[in-house]
Amino acid sequence: MSPTDTTSGGQGLSGSSSVLGIFAFSCGVILLYRLTVLPPQVWLTGAAVGPLLWFLPIRRRLPECILPILIGFSSGIAWAGFWAHDRLEQRLPAGLEGAQVEVSGYVCDLPAAGSFDSIRFSFCVTRWYGDSLIRKTAGSLPERLRLAWYGQPGGALPGHRLRLEVVLKRPHGSLNTEGFRYEDWLFRKGYRATGSVRSAVSDPSVPCRMQCHYHHAYSRLAQWADRQFSQARHHPLIASLLIGNRGHLTPEHWSRLKATGTIHLVAISGLHLGLIALGAGFIARRLLLAVTSRHRSEQWVRAAVFLVVLVCSLFYALAAGFTVPTRRALIMVVAAGWLLLKSRQVPVWHSLIVAVGLVLLLDPFAPLDQGFWLSFGAVSVLICAFAGRLGAPGWLTGLCLAQVAVFAGLWPLLELVGQGQPVAGLLANILAIPWVSLVVMPVLISGGLLVALFPALSGLVVPSIDAVLDVMWSFLGWVAGMDWPELDGSVPETAAFALLILLIALVPMRVFRAAGSVVALAWLTAVNVSGDAQNPYVAEPEVRVWDVGQGLSALVRAGHEVLLYDTGPEVEGVFSAAESVLLPNLRALGIKRIDTLVVSHADNDHSGGMDLLLEEFRVGRIVTGEPATIAEKLERGRAVSISGCEGEWELGGAFRLGLWQAAGNHEGNDASCVLTAAYSDAGVEWVFPGDISTRIEARYLKSVPGRLEEDGVRRRIVIAPHHGSKTSSSAAWVDTLSPELVIYTAGYRHRYGHPHKDVTARYRKAGARALNTACSGELVMTVADGALKIREARHQAPFWIGAPELARQQCKIP
């Protein structure tokens, strides 16, 4: 081997070791967020330094790849851990929760109109005012707040730099096995307290540094875009695509985009930034070659093009709000441009690994963002589909292949994050992506520049932009209106399907491709949700009480049968427990049919989102304490039986169920349908009383046996009536039922103050153990071998939710 070969081989080994180290670093960062307890900082320091101290003396005896992997992995854990500690140390003192305090700072995102005539915005604090408690903890007070100012229908703040009077609370959200977690989102974004504004005044004395000036400039840019394009029919789409302002998108927009799998089109990400980079690079290279081809080298031209691409991409990222997806896309563009600039023959997987490492280095919280997984997942799928091909496909074949590969490849990821994969996305993206890439974005960018330079041309530019967006939006509406099959597969099934599709794309054998296509189509037909789909079998009967805030929803299931008691709260356009909690959790359990839906009464915190459940699942019957009112709440006529609260039956051969309602014409809380679910083999009974008051409790106690020994019931678990309100859970109720466990389904620091201290004292005196969904999250109770097991979601929660000291302070039951 020649010296040149030796050098080349050494460089190859060194480059591979570096990539291994970067990959290990990325794995270390990602792993940290799987922990339920955050290691102390001294442990993290040891993890970072330890491998160097231990392995450097013996590095020559080890394979070359071992040391980079160990150093990279430990450095990744340490890097993410240091940032996580820094964020968690910003903490609102318990004594300040619910108290009115003064802060000053600046608005650090675009204010958006919220529910109940509110303005919602992010606020970066530069100074806290107040008593000695604040001054003593000034070094660890939150730096970023998520605020709402109610009673402001105009939606305007008095300035960019403000002094506010606010009432704050610590980050908190519902905690269930599946579904959206608000507390995850708050931690990811760096909001260490939330609250409401009592008053706000402009405060020019607030120091404004570079970040403050940028947010102010971006706010002014958004106001300019609103003025220039407010008359456009597609103003919300223009604001979203041009500057990343999605605050104007309506529920109708989101519904159509979600149904067609095209939400990514209105999120400034790799697609949009890549188009800017390609366009800027193409134009810059043509101009430079035309002007300087005789005097400049190819390397100089390439460097100049890279600089132009970098400047244009950075400018567009800044103009689009410099959000997390935009920053991630910018890093990928820079990494790809740098490799092209150096003309290095680097394996494409190496480039992807370097991009992932850079993203995690600059943003160690990125693994908490679904977009991180979906964007890099899509790129990985495309690499698999195209990198190993013997020949380049035509543009149409390539476009179809890319869409099918991404559809199949991202399906397992979407299932893991609790989202479905709409079949409509195949057709929608095949046409919408090239239309947005080749027509919409060039027209929008050039039109925006023309309006900025020559405002008088807006009369010509706006109709042109509306015209090209009309084509896209009408097409998406047509696709969304079609009757598409609904696919339902487990993560292993969808992963196998994705692998099969990639093999069909890569293996150049017609027989294999034909056979694989037949298998894929047959499987898709098999997983299409059909009318006779059955729930999975449950060997161990269980009761789940979900954390839906100030409301109630519980699941009872055994064998193949399922009963759902109440559907939780819903505030139209704001929050729906059915959408955020019930649907993702029911899907994750594989449930296809709800045999009985018991809606205790018609109050919104117990009956929200019924229409959504009826659309997504087959419901055998609805039983309720207010049949007429519940029937009126259903938006469309439903082929489902609605009956009053009466009857006894068995569920799955395990539970003996009984319904009871007070006689007479009752409305609201006192009309609640009381459900009892007894598992005789274990002598355990659950009581779901809805919102009955002490008056109805007395009538119930006269109607049913009061002794624990009767009917073999030895232990009772009671859902506290009316979330622990002082108007319920009388002394007679508590003493007669004598529950072993009482469960409060109350919202965290809710304005009603449930559970009431007098109620909790009665249960405590009766010897009942108490749990609150606001503290424990979802509760899963199973019976196995005659023993009752209770699992609290908080015990399996990640470290930023389940920190023991925070749990004790936040979840103390009065």
# chains A, B, ... in the order shown; residues from 1 in each chain; ligands from 1
call {"tool": "residues_around", "arguments": {"residues": "Ile243 of chain A", "least_positions_apart": "3", "cutoff": "9 Å", "atoms": "only C-alpha atoms", "output": "PyMOL selection string"}}
result
chain A and resi 218+221-222+225+238-240+246+268+316-321
call {"tool": "closest_residue", "arguments": {"among": "A:Arg749, A:Lys592, A:Arg695, A:Arg144", "to": "Ser730 of chain A", "atoms": "only C-alpha atoms"}}
result
A:Arg695
call {"tool": "atom_distance", "arguments": {"atom1": "atom CA of Thr45 of chain A", "atom2": "atom CA of Gln370 of chain A"}}
result
28.8 Å
call {"tool": "closest_residue", "arguments": {"among": "A:Ala467, A:Ala495, A:Ala732, A:Ala746", "to": "Tyr763 of chain A", "atoms": "only C-alpha atoms"}}
result
A:Ala732
call {"tool": "select_by_dssp", "arguments": {"residues": "segment 445-562 of chain A", "states": "helix (DSSP H, G or I)", "output": "number ranges by chain"}}
result
A: 445-453, 455-480, 491-506, 510-527
call {"tool": "write_last_selection", "arguments": {"atoms": "C-alpha atoms", "output": "PDB file, in the first residue's frame"}}
result
ATOM      1  CA  ILE A 445     -42.017  34.980  -2.269  1.00  0.00           C
ATOM      2  CA  SER A 446     -41.729  37.119  -5.388  1.00  0.00           C
ATOM      3  CA  GLY A 447     -45.127  38.694  -4.676  1.00  0.00           C
ATOM      4  CA  GLY A 448     -44.147  39.508  -1.106  1.00  0.00           C
ATOM      5  CA  LEU A 449     -40.907  41.145  -2.288  1.00  0.00           C
ATOM      6  CA  LEU A 450     -42.776  43.149  -4.951  1.00  0.00           C
ATOM      7  CA  VAL A 451     -45.317  44.419  -2.417  1.00  0.00           C
ATOM      8  CA  ALA A 452     -42.499  45.331  -0.015  1.00  0.00           C
ATOM      9  CA  LEU A 453     -40.648  47.291  -2.700  1.00  0.00           C
ATOM     10  CA  PRO A 455     -46.759  48.748  -2.318  1.00  0.00           C
ATOM     11  CA  ALA A 456     -48.868  50.094  -5.174  1.00  0.00           C
ATOM     12  CA  LEU A 457     -48.620  46.701  -6.891  1.00  0.00           C
ATOM     13  CA  SER A 458     -50.543  44.912  -4.143  1.00  0.00           C
ATOM     14  CA  GLY A 459     -53.723  45.180  -6.246  1.00  0.00           C
ATOM     15  CA  LEU A 460     -52.099  42.919  -8.845  1.00  0.00           C
ATOM     16  CA  VAL A 461     -50.077  40.684  -6.549  1.00  0.00           C
ATOM     17  CA  VAL A 462     -52.808  39.697  -4.069  1.00  0.00           C
ATOM     18  CA  PRO A 463     -55.233  38.301  -6.722  1.00  0.00           C
ATOM     19  CA  SER A 464     -52.367  36.297  -8.246  1.00  0.00           C
ATOM     20  CA  ILE A 465     -51.489  34.738  -4.883  1.00  0.00           C
ATOM     21  CA  ASP A 466     -55.157  34.034  -4.193  1.00  0.00           C
ATOM     22  CA  ALA A 467     -55.485  32.347  -7.573  1.00  0.00           C
ATOM     23  CA  VAL A 468     -52.658  29.852  -7.030  1.00  0.00           C
ATOM     24  CA  LEU A 469     -53.811  29.153  -3.479  1.00  0.00           C
ATOM     25  CA  ASP A 470     -57.365  28.644  -4.751  1.00  0.00           C
ATOM     26  CA  VAL A 471     -56.149  25.736  -6.834  1.00  0.00           C
ATOM     27  CA  MET A 472     -54.425  24.089  -3.893  1.00  0.00           C
ATOM     28  CA  TRP A 473     -57.196  24.714  -1.379  1.00  0.00           C
ATOM     29  CA  SER A 474     -59.987  23.560  -3.699  1.00  0.00           C
ATOM     30  CA  PHE A 475     -58.046  20.411  -4.494  1.00  0.00           C
ATOM     31  CA  LEU A 476     -57.501  19.662  -0.798  1.00  0.00           C
ATOM     32  CA  GLY A 477     -61.204  20.240  -0.164  1.00  0.00           C
ATOM     33  CA  TRP A 478     -62.087  17.783  -2.920  1.00  0.00           C
ATOM     34  CA  VAL A 479     -59.690  15.177  -1.514  1.00  0.00           C
ATOM     35  CA  ALA A 480     -60.942  15.663   2.052  1.00  0.00           C
ATOM     36  CA  VAL A 491     -46.832  -0.388  15.485  1.00  0.00           C
ATOM     37  CA  PRO A 492     -45.213  -3.770  14.665  1.00  0.00           C
ATOM     38  CA  GLU A 493     -47.648  -4.299  11.785  1.00  0.00           C
ATOM     39  CA  THR A 494     -47.069  -0.851  10.308  1.00  0.00           C
ATOM     40  CA  ALA A 495     -43.299  -1.236  10.739  1.00  0.00           C
ATOM     41  CA  ALA A 496     -43.409  -4.523   8.807  1.00  0.00           C
ATOM     42  CA  PHE A 497     -45.521  -2.843   6.128  1.00  0.00           C
ATOM     43  CA  ALA A 498     -43.010   0.010   5.850  1.00  0.00           C
ATOM     44  CA  LEU A 499     -40.139  -2.457   5.478  1.00  0.00           C
ATOM     45  CA  LEU A 500     -42.032  -4.327   2.762  1.00  0.00           C
ATOM     46  CA  ILE A 501     -42.684  -1.121   0.797  1.00  0.00           C
ATOM     47  CA  LEU A 502     -39.005  -0.142   0.958  1.00  0.00           C
ATOM     48  CA  LEU A 503     -37.969  -3.615  -0.230  1.00  0.00           C
ATOM     49  CA  ILE A 504     -40.416  -3.373  -3.128  1.00  0.00           C
ATOM     50  CA  ALA A 505     -38.803  -0.047  -4.067  1.00  0.00           C
ATOM     51  CA  LEU A 506     -35.227  -1.318  -3.791  1.00  0.00           C
ATOM     52  CA  ARG A 510     -40.380  -7.828 -11.060  1.00  0.00           C
ATOM     53  CA  VAL A 511     -41.577 -11.073  -9.498  1.00  0.00           C
ATOM     54  CA  PHE A 512     -40.664  -9.883  -5.990  1.00  0.00           C
ATOM     55  CA  ARG A 513     -42.261  -6.470  -6.581  1.00  0.00           C
ATOM     56  CA  ALA A 514     -45.470  -8.040  -7.882  1.00  0.00           C
ATOM     57  CA  ALA A 515     -45.683 -10.506  -4.997  1.00  0.00           C
ATOM     58  CA  GLY A 516     -44.827  -7.804  -2.457  1.00  0.00           C
ATOM     59  CA  SER A 517     -47.461  -5.461  -3.872  1.00  0.00           C
ATOM     60  CA  VAL A 518     -50.108  -8.194  -3.589  1.00  0.00           C
ATOM     61  CA  VAL A 519     -49.132  -8.847   0.041  1.00  0.00           C
ATOM     62  CA  ALA A 520     -49.178  -5.114   0.849  1.00  0.00           C
ATOM     63  CA  LEU A 521     -52.610  -4.597  -0.708  1.00  0.00           C
ATOM     64  CA  ALA A 522     -53.978  -7.676   1.017  1.00  0.00           C
ATOM     65  CA  TRP A 523     -52.746  -6.443   4.386  1.00  0.00           C
ATOM     66  CA  LEU A 524     -54.153  -2.952   3.810  1.00  0.00           C
ATOM     67  CA  THR A 525     -57.507  -4.522   3.025  1.00  0.00           C
ATOM     68  CA  ALA A 526     -57.304  -6.639   6.183  1.00  0.00           C
ATOM     69  CA  VAL A 527     -56.551  -3.694   8.500  1.00  0.00           C
TER      70      VAL A 527
END
call {"tool": "closest_residue", "arguments": {"among": "A:Cys645, A:Ala766, A:Leu44, A:Val301", "to": "Ala662 of chain A", "atoms": "only C-alpha atoms"}}
result
A:Cys645
call {"tool": "select_by_dssp", "arguments": {"residues": "segment 143-253 of chain A", "states": "strand (DSSP E)", "output": "ChimeraX atom specification"}}
result
/A:144-149,161-169,193-202
call {"tool": "atom_distance", "arguments": {"atom1": "atom CA of Glu165 of chain A", "atom2": "atom CA of Pro207 of chain A"}}
result
18.5 Å
call {"tool": "atom_distance", "arguments": {"atom1": "atom CA of Trp686 of chain A", "atom2": "atom CA of Lys633 of chain A"}}
result
28.2 Å
call {"tool": "residues_around", "arguments": {"residues": "Glu792 of chain A", "least_positions_apart": "3", "cutoff": "7 Å", "atoms": "only C-alpha atoms", "output": "MDAnalysis selection string"}}
result
chainID A and resid 776:780 795
call {"tool": "write_last_selection", "arguments": {"atoms": "C-alpha atoms", "output": "PDB file, in the first residue's frame"}}
result
ATOM      1  CA  SER A 776     -51.561  11.003  40.211  1.00  0.00           C
ATOM      2  CA  GLY A 777     -52.650  11.374  36.617  1.00  0.00           C
ATOM      3  CA  GLU A 778     -54.367   8.390  35.041  1.00  0.00           C
ATOM      4  CA  LEU A 779     -55.180   5.584  37.477  1.00  0.00           C
ATOM      5  CA  VAL A 780     -55.212   1.968  36.291  1.00  0.00           C
ATOM      6  CA  HIS A 795     -44.811   6.970  38.718  1.00  0.00           C
TER       7      HIS A 795
END
call {"tool": "residues_around", "arguments": {"residues": "Ala761 of chain A", "least_positions_apart": "4", "cutoff": "12 Å", "atoms": "only C-alpha atoms", "output": "PyMOL selection string"}}
result
chain A and resi 724+726+729-731+734+742+755-757+765-770+813-814
call {"tool": "closest_residue", "arguments": {"among": "A:Leu613, A:Val718, A:Val166, A:Leu265", "to": "Ala99 of chain A", "atoms": "only C-alpha atoms"}}
result
A:Val166
call {"tool": "closest_residue", "arguments": {"among": "A:Gln403, A:Ile71, A:Arg621, A:Leu341", "to": "Thr262 of chain A", "atoms": "only C-alpha atoms"}}
result
A:Gln403
call {"tool": "residues_around", "arguments": {"residues": "Pro171 of chain A", "least_positions_apart": "3", "cutoff": "7 Å", "atoms": "only C-alpha atoms", "output": "PDB file with C-alpha atoms, in the first residue's frame"}}
result
ATOM      1  CA  GLU A 183     -46.733  19.843  30.544  1.00  0.00           C
ATOM      2  CA  LEU A 186     -44.459  23.715  28.280  1.00  0.00           C
ATOM      3  CA  ARG A 192     -41.696  27.481  33.643  1.00  0.00           C
ATOM      4  CA  ALA A 193     -44.951  29.097  34.778  1.00  0.00           C
ATOM      5  CA  THR A 194     -48.343  29.878  33.305  1.00  0.00           C
TER       6      THR A 194
END
call {"tool": "closest_residue", "arguments": {"among": "A:Val783, A:Ile719, A:Val404, A:Met210", "to": "Ala378 of chain A", "atoms": "only C-alpha atoms"}}
result
A:Val404
